[in-house]
file final20.txt (compact mmCIF, C-alpha atoms)
# COMPACT_ATOMS: atom_id res chain seq x y z
CA MET A 7 -42.23 56.83 43.99
CA ASP A 8 -43.14 54.86 40.89
CA LYS A 9 -46.27 56.22 39.24
CA ASP A 10 -47.86 52.76 39.34
CA ALA A 11 -48.15 53.08 43.10
CA LEU A 12 -50.59 55.88 42.60
CA ARG A 13 -53.08 53.75 40.73
CA LYS A 14 -56.28 53.15 42.62
CA GLU A 15 -57.37 49.72 41.39
CA PRO A 16 -57.92 47.00 43.99
CA LEU A 17 -54.65 45.36 44.91
CA LYS A 18 -55.60 41.88 43.74
CA GLU A 19 -55.73 43.12 40.16
CA LEU A 20 -52.44 44.85 40.48
CA ILE A 21 -50.51 41.72 41.29
CA PRO A 22 -48.96 40.57 38.02
CA ALA A 23 -49.90 36.94 37.55
CA THR A 24 -46.80 36.36 35.50
CA ALA A 25 -43.61 34.47 36.20
CA ARG A 26 -41.76 37.78 36.36
CA GLY A 27 -44.34 39.20 38.74
CA GLU A 28 -44.01 36.13 40.95
CA ALA A 29 -40.23 36.48 40.96
CA THR A 30 -40.48 40.11 42.08
CA ARG A 31 -42.98 39.24 44.80
CA ARG A 32 -40.60 36.47 45.94
CA LYS A 33 -37.68 38.91 46.05
CA LEU A 34 -39.73 41.34 48.12
CA LEU A 35 -40.75 38.63 50.60
CA ASP A 36 -37.18 37.33 50.94
CA SER A 37 -35.94 40.88 51.46
CA ALA A 38 -38.69 41.49 54.01
CA GLU A 39 -37.63 38.36 55.88
CA ALA A 40 -34.06 39.66 56.08
CA GLU A 41 -35.21 43.19 56.99
CA PHE A 42 -37.78 42.28 59.66
CA GLY A 43 -35.61 39.46 60.98
CA SER A 44 -32.63 41.72 61.58
CA LYS A 45 -34.22 45.05 62.47
CA GLY A 46 -37.64 44.17 63.83
CA PHE A 47 -40.96 45.49 62.59
CA HIS A 48 -40.75 49.02 63.97
CA THR A 49 -37.29 49.87 62.68
CA ALA A 50 -37.78 48.09 59.34
CA SER A 51 -38.88 50.25 56.42
CA VAL A 52 -40.42 49.69 53.03
CA SER A 53 -37.56 51.61 51.42
CA SER A 54 -34.96 49.27 52.97
CA ILE A 55 -36.97 46.27 51.79
CA THR A 56 -37.07 47.53 48.22
CA GLN A 57 -33.37 48.43 48.36
CA ARG A 58 -32.53 44.90 49.46
CA ALA A 59 -34.75 43.54 46.69
CA GLY A 60 -33.21 45.88 44.11
CA VAL A 61 -36.55 47.26 42.97
CA GLY A 62 -38.06 50.73 43.03
CA GLN A 63 -40.19 51.68 46.01
CA GLY A 64 -43.27 52.05 43.79
CA THR A 65 -42.96 48.42 42.76
CA PHE A 66 -43.52 47.42 46.39
CA TYR A 67 -47.02 48.90 46.30
CA LEU A 68 -47.99 46.76 43.32
CA TYR A 69 -47.75 43.80 45.66
CA PHE A 70 -48.45 45.02 49.18
CA ARG A 71 -50.41 47.96 50.53
CA THR A 72 -48.38 48.54 53.67
CA LYS A 73 -45.46 47.36 55.78
CA GLU A 74 -48.04 45.59 57.99
CA GLU A 75 -49.39 43.70 54.99
CA ILE A 76 -46.06 42.30 53.82
CA PHE A 77 -45.24 41.42 57.43
CA SER A 78 -48.47 39.46 57.93
CA THR A 79 -48.07 37.81 54.52
CA LEU A 80 -44.59 36.72 55.55
CA VAL A 81 -45.78 35.23 58.85
CA LYS A 82 -48.48 33.26 57.03
CA GLU A 83 -45.93 32.06 54.49
CA ILE A 84 -43.47 31.01 57.22
CA GLY A 85 -46.30 29.05 58.85
CA ARG A 86 -47.26 27.33 55.59
CA ASN A 87 -43.66 26.43 54.75
CA LEU A 88 -42.95 25.20 58.26
CA ARG A 89 -46.07 23.03 58.31
CA LYS A 90 -45.16 21.66 54.90
CA GLU A 91 -41.58 20.80 55.87
CA MET A 92 -42.69 19.28 59.17
CA GLY A 93 -45.43 17.35 57.38
CA VAL A 94 -42.93 15.82 54.95
CA ALA A 95 -40.58 14.94 57.82
CA VAL A 96 -43.35 13.44 59.95
CA ALA A 97 -44.68 11.34 57.04
CA ALA A 98 -41.30 9.62 56.77
CA GLY A 99 -41.50 8.37 60.37
CA SER A 100 -41.58 4.61 60.90
CA ASN A 101 -43.96 5.04 63.85
CA ARG A 102 -45.48 7.99 65.69
CA LEU A 103 -42.59 8.50 68.10
CA ASP A 104 -40.15 8.47 65.21
CA ALA A 105 -42.49 10.86 63.41
CA GLU A 106 -42.47 13.25 66.40
CA ARG A 107 -38.70 13.15 66.45
CA ARG A 108 -38.52 13.95 62.75
CA GLY A 109 -41.06 16.73 63.20
CA LEU A 110 -39.00 18.40 65.92
CA GLU A 111 -35.82 17.90 63.91
CA ALA A 112 -37.47 19.57 60.90
CA PHE A 113 -38.61 22.45 63.10
CA PHE A 114 -35.08 23.03 64.41
CA ALA A 115 -33.64 22.78 60.89
CA PHE A 116 -36.20 25.29 59.65
CA ALA A 117 -35.42 27.69 62.51
CA GLN A 118 -31.74 27.33 61.73
CA ALA A 119 -32.26 27.99 58.01
CA HIS A 120 -34.43 31.03 58.71
CA PRO A 121 -32.61 33.08 61.33
CA GLY A 122 -35.35 35.73 61.19
CA LEU A 123 -38.07 33.16 61.87
CA TYR A 124 -38.23 33.52 65.62
CA ARG A 125 -38.11 37.28 65.64
CA ILE A 126 -40.75 37.60 62.92
CA VAL A 127 -43.17 35.01 64.26
CA GLN A 128 -42.81 36.21 67.85
CA GLU A 129 -43.12 39.84 66.86
CA ALA A 130 -46.36 38.97 65.05
CA GLN A 131 -48.12 38.82 68.41
CA PHE A 132 -47.64 42.59 68.62
CA VAL A 133 -48.17 43.46 64.97
CA ASP A 134 -51.02 41.14 63.94
CA GLU A 135 -52.22 38.96 66.80
CA PRO A 136 -54.83 36.97 64.81
CA VAL A 137 -52.09 35.87 62.40
CA PHE A 138 -49.88 34.89 65.35
CA ARG A 139 -52.64 32.78 66.94
CA ASP A 140 -53.51 31.24 63.61
CA TYR A 141 -49.87 30.24 63.15
CA TYR A 142 -49.93 28.16 66.34
CA GLU A 143 -53.48 26.92 66.01
CA ARG A 144 -52.83 25.48 62.56
CA LEU A 145 -49.61 23.89 63.72
CA ALA A 146 -51.41 22.41 66.74
CA LYS A 147 -54.21 21.08 64.56
CA GLY A 148 -51.77 19.13 62.39
CA TYR A 149 -50.05 17.79 65.48
CA SER A 150 -53.15 16.73 67.34
CA SER A 151 -54.79 14.87 64.47
CA GLY A 152 -51.63 12.79 64.09
CA LEU A 153 -51.46 12.20 67.84
CA THR A 154 -55.13 11.20 68.07
CA ALA A 155 -54.76 8.63 65.30
CA ALA A 156 -51.59 7.22 66.87
CA SER A 157 -53.19 6.88 70.31
CA ALA A 158 -56.15 5.06 68.76
CA GLN A 159 -53.74 2.64 67.10
CA GLY A 160 -51.82 2.03 70.32
CA GLU A 161 -48.66 3.66 68.99
CA LEU A 162 -48.89 6.14 71.85
CA SER A 163 -50.30 5.87 75.33
CA PRO A 164 -53.81 7.32 75.72
CA GLY A 165 -53.91 11.03 76.47
CA ASP A 166 -55.37 14.37 75.47
CA ALA A 167 -54.04 15.01 71.95
CA GLU A 168 -54.57 18.75 72.12
CA VAL A 169 -52.67 19.15 75.38
CA ARG A 170 -49.89 17.02 73.92
CA ALA A 171 -49.81 19.04 70.71
CA TRP A 172 -49.39 22.36 72.55
CA ALA A 173 -46.93 20.82 74.99
CA ILE A 174 -44.72 19.45 72.21
CA MET A 175 -44.88 22.79 70.38
CA GLY A 176 -43.74 24.40 73.63
CA VAL A 177 -40.83 21.97 73.92
CA GLY A 178 -39.80 22.80 70.35
CA HIS A 179 -40.26 26.52 70.90
CA MET A 180 -38.18 26.79 74.04
CA LEU A 181 -35.37 24.42 73.01
CA GLY A 182 -35.29 26.13 69.60
CA LEU A 183 -35.03 29.52 71.27
CA LYS A 184 -32.14 28.33 73.40
CA HIS A 185 -30.21 26.35 70.82
CA CYS A 186 -31.08 27.66 67.34
CA LEU A 187 -31.55 31.32 68.20
CA TRP A 188 -29.23 32.00 71.12
CA GLN A 189 -26.51 29.43 70.54
CA GLY A 190 -26.85 29.46 66.75
CA LYS A 191 -26.81 25.68 66.49
CA ALA A 192 -29.73 23.31 66.03
CA PRO A 193 -29.79 20.46 68.59
CA ASP A 194 -27.49 17.61 67.54
CA LYS A 195 -28.36 13.92 67.68
CA ALA A 196 -27.48 13.47 71.36
CA LEU A 197 -29.53 16.49 72.34
CA LEU A 198 -32.44 15.39 70.19
CA ASP A 199 -32.23 11.98 71.93
CA GLU A 200 -32.64 13.72 75.29
CA ILE A 201 -35.49 15.90 74.04
CA MET A 202 -37.29 12.84 72.68
CA ARG A 203 -36.65 10.98 75.91
CA PHE A 204 -38.61 13.73 77.64
CA VAL A 205 -41.39 13.72 75.03
CA ALA A 206 -41.64 9.94 74.97
CA ASP A 207 -41.19 9.01 78.62
CA GLY A 208 -41.58 12.17 80.68
CA ILE A 209 -39.69 12.57 83.92
CA ALA A 210 -41.46 10.15 86.28
CA PRO A 211 -39.64 7.03 87.40
CA HIS A 212 -41.18 4.03 85.62
CA PRO A 213 -40.34 1.22 88.02
CA LYS A 214 -42.34 -1.51 86.30
CA SER A 215 -40.72 -0.94 82.95
CA GLY A 216 -37.35 -0.45 84.60
CA LYS A 217 -36.94 3.09 83.24
CA MET B 3 -41.76 69.00 83.90
CA ASP B 4 -40.89 68.90 87.59
CA LYS B 5 -37.69 70.81 88.29
CA ASP B 6 -36.26 67.77 90.09
CA ALA B 7 -36.02 66.00 86.76
CA LEU B 8 -33.46 68.55 85.67
CA ARG B 9 -31.02 67.69 88.43
CA LYS B 10 -27.88 65.99 87.19
CA GLU B 11 -26.92 63.73 90.09
CA PRO B 12 -26.58 60.01 89.39
CA LEU B 13 -29.98 58.34 89.41
CA LYS B 14 -29.19 56.08 92.35
CA GLU B 15 -28.95 59.08 94.63
CA LEU B 16 -32.15 60.53 93.32
CA ILE B 17 -34.24 57.57 94.35
CA PRO B 18 -35.80 58.53 97.68
CA ALA B 19 -35.01 55.74 100.09
CA THR B 20 -38.13 56.51 102.05
CA ALA B 21 -41.42 54.70 102.45
CA ARG B 22 -43.11 57.42 100.43
CA GLY B 23 -40.48 57.16 97.70
CA GLU B 24 -40.93 53.40 97.57
CA ALA B 25 -44.71 53.82 97.29
CA THR B 26 -44.31 56.19 94.35
CA ARG B 27 -41.87 53.85 92.62
CA ARG B 28 -44.35 51.01 93.18
CA LYS B 29 -47.19 53.08 91.68
CA LEU B 30 -45.06 53.85 88.64
CA LEU B 31 -44.16 50.20 88.11
CA ASP B 32 -47.77 49.06 88.50
CA SER B 33 -48.89 51.75 86.06
CA ALA B 34 -46.13 50.74 83.65
CA GLU B 35 -47.32 47.13 83.84
CA ALA B 36 -50.85 48.23 82.88
CA GLU B 37 -49.58 50.60 80.19
CA PHE B 38 -47.06 48.26 78.51
CA GLY B 39 -49.36 45.27 78.97
CA SER B 40 -52.26 46.91 77.17
CA LYS B 41 -50.53 49.12 74.58
CA GLY B 42 -47.18 47.49 74.00
CA PHE B 43 -43.80 49.16 74.32
CA HIS B 44 -43.88 51.31 71.20
CA THR B 45 -47.30 52.86 71.76
CA ALA B 46 -46.84 53.25 75.52
CA SER B 47 -45.63 56.63 76.76
CA VAL B 48 -44.06 58.01 79.91
CA SER B 49 -46.84 60.61 80.13
CA SER B 50 -49.54 57.90 80.11
CA ILE B 51 -47.65 55.99 82.79
CA THR B 52 -47.46 59.04 85.05
CA GLN B 53 -51.13 59.84 84.40
CA ARG B 54 -52.11 56.32 85.43
CA ALA B 55 -49.92 56.67 88.53
CA GLY B 56 -51.34 60.10 89.33
CA VAL B 57 -47.93 61.75 89.57
CA GLY B 58 -46.29 64.53 87.61
CA GLN B 59 -44.14 63.58 84.64
CA GLY B 60 -41.05 65.01 86.32
CA THR B 61 -41.48 62.59 89.19
CA PHE B 62 -41.00 59.72 86.74
CA TYR B 63 -37.45 60.87 86.04
CA LEU B 64 -36.56 60.71 89.72
CA TYR B 65 -36.91 56.95 89.44
CA PHE B 66 -36.20 55.97 85.84
CA ARG B 67 -34.11 57.59 83.11
CA THR B 68 -36.15 56.41 80.14
CA LYS B 69 -39.15 54.37 79.00
CA GLU B 70 -36.67 51.55 78.20
CA GLU B 71 -35.36 51.62 81.76
CA ILE B 72 -38.73 51.25 83.46
CA PHE B 73 -39.62 48.52 80.95
CA SER B 74 -36.48 46.50 81.67
CA THR B 75 -36.90 47.05 85.41
CA LEU B 76 -40.43 45.70 85.12
CA VAL B 77 -39.33 42.57 83.25
CA LYS B 78 -36.68 41.87 85.89
CA GLU B 79 -39.25 42.39 88.62
CA ILE B 80 -41.77 40.09 86.93
CA GLY B 81 -39.05 37.44 86.71
CA ARG B 82 -38.10 37.82 90.40
CA ASN B 83 -41.73 37.67 91.55
CA LEU B 84 -42.52 34.71 89.33
CA ARG B 85 -39.49 32.77 90.54
CA LYS B 86 -40.40 33.60 94.12
CA GLU B 87 -44.02 32.47 93.76
CA MET B 88 -43.01 29.34 91.89
CA GLY B 89 -40.33 28.64 94.48
CA VAL B 90 -42.86 28.82 97.32
CA ALA B 91 -45.27 26.57 95.42
CA VAL B 92 -42.58 24.03 94.54
CA ALA B 93 -41.31 23.88 98.13
CA ALA B 94 -44.75 22.72 99.28
CA GLY B 95 -44.65 19.66 96.99
CA SER B 96 -44.71 16.25 98.67
CA ASN B 97 -42.37 14.86 96.01
CA ARG B 98 -40.73 16.20 92.87
CA LEU B 99 -43.63 15.39 90.53
CA ASP B 100 -46.04 17.08 92.90
CA ALA B 101 -43.59 19.99 93.09
CA GLU B 102 -43.54 20.29 89.29
CA ARG B 103 -47.31 20.32 89.25
CA ARG B 104 -47.44 23.06 91.86
CA GLY B 105 -44.80 25.02 89.97
CA LEU B 106 -46.82 24.94 86.75
CA GLU B 107 -49.99 25.77 88.65
CA ALA B 108 -48.26 28.78 90.24
CA PHE B 109 -47.02 29.90 86.81
CA PHE B 110 -50.54 29.76 85.36
CA ALA B 111 -51.96 31.59 88.38
CA PHE B 112 -49.28 34.27 88.04
CA ALA B 113 -50.01 34.68 84.32
CA GLN B 114 -53.70 34.96 85.12
CA ALA B 115 -53.11 37.55 87.84
CA HIS B 116 -50.82 39.61 85.58
CA PRO B 117 -52.58 39.89 82.23
CA GLY B 118 -49.77 42.07 80.89
CA LEU B 119 -47.14 39.48 81.80
CA TYR B 120 -47.02 37.64 78.49
CA ARG B 121 -46.99 40.74 76.37
CA ILE B 122 -44.33 42.44 78.47
CA VAL B 123 -42.01 39.46 78.83
CA GLN B 124 -42.36 38.45 75.18
CA GLU B 125 -41.89 42.01 73.99
CA ALA B 126 -38.69 42.18 76.01
CA GLN B 127 -36.96 40.10 73.34
CA PHE B 128 -37.30 43.11 71.04
CA VAL B 129 -36.70 45.87 73.58
CA ASP B 130 -33.93 44.43 75.77
CA GLU B 131 -32.84 40.98 74.64
CA PRO B 132 -30.28 40.34 77.43
CA VAL B 133 -33.04 40.89 80.02
CA PHE B 134 -35.32 38.50 78.09
CA ARG B 135 -32.67 35.76 77.99
CA ASP B 136 -31.81 36.34 81.61
CA TYR B 137 -35.48 35.89 82.53
CA TYR B 138 -35.53 32.38 81.05
CA GLU B 139 -32.02 31.40 82.05
CA ARG B 140 -32.67 32.18 85.72
CA LEU B 141 -35.97 30.33 85.61
CA ALA B 142 -34.26 27.34 83.96
CA LYS B 143 -31.48 27.37 86.55
CA GLY B 144 -33.98 27.05 89.40
CA TYR B 145 -35.78 24.29 87.59
CA SER B 146 -32.77 22.25 86.67
CA SER B 147 -31.15 22.26 90.10
CA GLY B 148 -34.38 20.86 91.55
CA LEU B 149 -34.61 18.27 88.78
CA THR B 150 -30.98 17.19 89.19
CA ALA B 151 -31.43 16.63 92.93
CA ALA B 152 -34.66 14.70 92.38
CA SER B 153 -33.11 12.43 89.75
CA ALA B 154 -30.22 11.69 92.08
CA GLN B 155 -32.71 10.70 94.78
CA GLY B 156 -34.66 8.44 92.44
CA GLU B 157 -37.75 10.68 92.58
CA LEU B 158 -37.45 11.13 88.83
CA SER B 159 -36.09 8.88 86.11
CA PRO B 160 -32.53 9.71 85.03
CA GLY B 161 -32.29 12.37 82.33
CA ASP B 162 -30.71 15.65 81.29
CA ALA B 163 -31.98 18.20 83.83
CA GLU B 164 -31.31 21.18 81.59
CA VAL B 165 -33.24 19.75 78.64
CA ARG B 166 -36.07 18.90 81.01
CA ALA B 167 -36.04 22.38 82.54
CA TRP B 168 -36.35 24.11 79.15
CA ALA B 169 -38.89 21.57 77.96
CA ILE B 170 -41.13 22.07 81.01
CA MET B 171 -40.83 25.85 80.65
CA GLY B 172 -41.93 25.40 77.04
CA VAL B 173 -44.93 23.35 78.14
CA GLY B 174 -45.91 26.07 80.62
CA HIS B 175 -45.31 28.83 78.08
CA MET B 176 -47.40 27.37 75.31
CA LEU B 177 -50.29 26.11 77.46
CA GLY B 178 -50.28 29.42 79.31
CA LEU B 179 -50.42 31.30 76.03
CA LYS B 180 -53.39 29.23 74.89
CA HIS B 181 -55.36 29.11 78.13
CA CYS B 182 -54.40 32.11 80.28
CA LEU B 183 -53.81 34.63 77.53
CA TRP B 184 -56.14 33.65 74.69
CA GLN B 185 -58.94 31.95 76.58
CA GLY B 186 -58.57 34.07 79.71
CA LYS B 187 -58.74 31.09 82.04
CA ALA B 188 -55.89 29.28 83.78
CA PRO B 189 -55.96 25.49 83.26
CA ASP B 190 -58.36 23.80 85.70
CA LYS B 191 -57.62 20.65 87.67
CA ALA B 192 -58.57 18.23 84.87
CA LEU B 193 -56.41 20.11 82.36
CA LEU B 194 -53.53 20.30 84.81
CA ASP B 195 -53.88 16.52 85.28
CA GLU B 196 -53.44 16.07 81.52
CA ILE B 197 -50.50 18.46 81.37
CA MET B 198 -48.80 16.63 84.23
CA ARG B 199 -49.54 13.30 82.59
CA PHE B 200 -47.49 14.54 79.65
CA VAL B 201 -44.69 15.89 81.85
CA ALA B 202 -44.58 12.78 84.04
CA ASP B 203 -45.12 9.98 81.53
CA GLY B 204 -44.62 11.43 78.05
CA ILE B 205 -46.53 10.03 75.12
CA ALA B 206 -44.90 6.63 74.54
CA PRO B 207 -46.85 3.50 75.34
CA HIS B 208 -45.41 1.94 78.51
CA PRO B 209 -46.40 -1.70 78.07
CA LYS B 210 -44.56 -3.08 81.08
CA SER B 211 -46.14 -0.67 83.51
CA GLY B 212 -49.50 -1.02 81.77
CA LYS B 213 -49.73 2.71 80.96

call {"tool": "encode", "arguments": {"input": "final20.txt", "output": "structure tokens"}}
result
Amino acid sequence: MDKDALRKEPLKELIPATARGEATRRKLLDSAEAEFGSKGFHTASVSSITQRAGVGQGTFYLYFRTKEEIFSTLVKEIGRNLRKEMGVAVAAGSNRLDAERRGLEAFFAFAQAHPGLYRIVQEAQFVDEPVFRDYYERLAKGYSSGLTAASAQGELSPGDAEVRAWAIMGVGHMLGLKHCLWQGKAPDKALLDEIMRFVADGIAPHPKSGK
Amino acid sequence: MDKDALRKEPLKELIPATARGEATRRKLLDSAEAEFGSKGFHTASVSSITQRAGVGQGTFYLYFRTKEEIFSTLVKEIGRNLRKEMGVAVAAGSNRLDAERRGLEAFFAFAQAHPGLYRIVQEAQFVDEPVFRDYYERLAKGYSSGLTAASAQGELSPGDAEVRAWAIMGVGHMLGLKHCLWQGKAPDKALLDEIMRFVADGIAPHPKSGK
């Protein structure tokens, strides 16, 4: 183990606030994503993460105290990045329904680009439950504020924005599990059309509107 | 360890096909549900399960080879029981939308009655992924055959039954996570109304029908 790992200073001060330090931290997080995503939390090890990153094991402890800490950091980072990418996608929508479609599309693309995403985020409920809840609660918050505004403007029918937010997250979660994770292919345009048909119109017959 | 555990016959023949044997197996499965549900798979142990069940550790091995085996058996059993309870609830529906409502209600009630359910089923994706997939695929199959028939009869609008099945499972999963697991309270009537409003009508404005 690198001698630096034996230093006792608080971790915050150990993190090198330099470009090189940031690059190393980035390498460790990317390696952790690959390690946790493929092996799962319990089988994953700090030594495998540092091997993947090409750094000494002592270097790891300059950035993270434990395997749990890098795991939780990763889940928070996945959440931030996902919210950011979905936010950009949603903002490009021409109306709220189009925005919802783009948001789901961005979610599926993100899941596809990060094969470890599902495993890591889902495993978080057993490793660090507060971080897992926070992941969904933040995502729901973004969703429901957009839905509330759209309902007020008549772009959506009236309805409980929070229920809708969690329901749409559930739709994304389960279809993402099936298509991105198990079939290895994000929903294509035709499938996304069907998913949005459900989100937009539900399953009831709508005789008056001829649907 | 009970000497019986040392016998080498195939496990099938070891399982006592008697009422007493069945009762012991039941006690072990109930204890495993409590153990895995509260501690998670990795921390749970066979010795804690047998202690909870009030049987010797050797007795465990008359019924299950390993901790993995009782875990997977439990997930399959949860799936069977859930499908059965949902099936009974759905069959009592006066039409397909009412049936969907009753199905979701039964799911929430089941999750509420089995606090370990979420943890166990979700953890299955890391312990025995085929059993986890099978759990959802069987549930989806039941859903989509009902939805297909209802669409054909005009009780639902036309639409892809499989997409709808996975979407509705996602709605149940995420709202169940939020309400049953985190808030400890299955959705009440008003909340179920809102959830069904989403499932039935979606979020789009329906100008022609005045919704």

call {"tool": "residues_near_point", "arguments": {"input": "final20.txt", "point": "(-34.2, 36.6, 82.7)", "cutoff": "10 Å", "atoms": "only C-alpha atoms", "output": "MDAnalysis selection string"}}
result
chainID B and resid 77:82 123 126 131:142

call {"tool": "closest_residue", "arguments": {"input": "final20.txt", "among": "B:Lys29, B:His175, B:Lys86, B:Arg104", "to": "Ile72 of chain B", "atoms": "all atoms listed in the file"}}
result
B:Lys29

call {"tool": "closest_residue", "arguments": {"input": "final20.txt", "among": "A:Leu162, A:Ile126, A:Ala112, A:Val133", "to": "His208 of chain B", "atoms": "only C-alpha atoms"}}
result
A:Leu162

call {"tool": "atom_distance", "arguments": {"input": "final20.txt", "atom1": "atom CA of Ala40 of chain A", "atom2": "atom CA of Ala46 of chain B"}}
result
26.9 Å

call {"tool": "residues_around", "arguments": {"input": "final20.txt", "residues": "Lys69 of chain B", "least_positions_apart": "2", "cutoff": "12 Å", "atoms": "all atoms listed in the file", "output": "MDAnalysis selection string"}}
result
chainID B and resid 30:31 34:35 37:38 42:52 59 62:63 65:67 71:76 129:130

call {"tool": "axis_aligned_box", "arguments": {"input": "final20.txt", "around": "segment 88-97 of chain B", "padding_each_side": "3 Å", "output": "JSON"}}
result
{"center_x": -42.8, "center_y": 22.1, "center_z": 95.6, "size_x": 10.9, "size_y": 20.5, "size_z": 13.4}

call {"tool": "residues_around", "arguments": {"input": "final20.txt", "residues": "Gly178 of chain A", "least_positions_apart": "4", "cutoff": "10 Å", "atoms": "only C-alpha atoms", "output": "ChimeraX atom specification"}}
result
/A:109-111,113-114,172-174,182-184,201 /B:168-169,172-173

call {"tool": "closest_residue", "arguments": {"input": "final20.txt", "among": "B:Arg166, B:Leu177, B:Ile205, B:Arg98", "to": "Thr154 of chain A", "atoms": "all atoms listed in the file"}}
result
B:Ile205

call {"tool": "closest_residue", "arguments": {"input": "final20.txt", "among": "B:Ala167, B:Cys182, B:Ala188, B:Leu64", "to": "chain A", "atoms": "all atoms listed in the file"}}
result
B:Ala167

call {"tool": "atom_distance", "arguments": {"input": "final20.txt", "atom1": "atom CA of Gly23 of chain B", "atom2": "atom CA of Gly56 of chain B"}}
result
14.0 Å

call {"tool": "closest_residue", "arguments": {"input": "final20.txt", "among": "A:Gln118, A:Gly190, A:Ser44, A:Ser151", "to": "chain B", "atoms": "all atoms listed in the file"}}
result
A:Ser44

call {"tool": "closest_residue", "arguments": {"input": "final20.txt", "among": "B:Glu164, B:Asp195, B:Asp32, B:Glu157", "to": "chain A", "atoms": "only C-alpha atoms"}}
result
B:Glu157

call {"tool": "atom_distance", "arguments": {"input": "final20.txt", "atom1": "atom CA of Gly93 of chain A", "atom2": "atom CA of Leu187 of chain A"}}
result
22.5 Å

call {"tool": "residues_around", "arguments": {"input": "final20.txt", "residues": "Ser159 of chain B", "least_positions_apart": "4", "cutoff": "10 Å", "atoms": "only C-alpha atoms", "output": "ChimeraX atom specification"}}
result
/A:207-213,216-217 /B:149,152-155,202
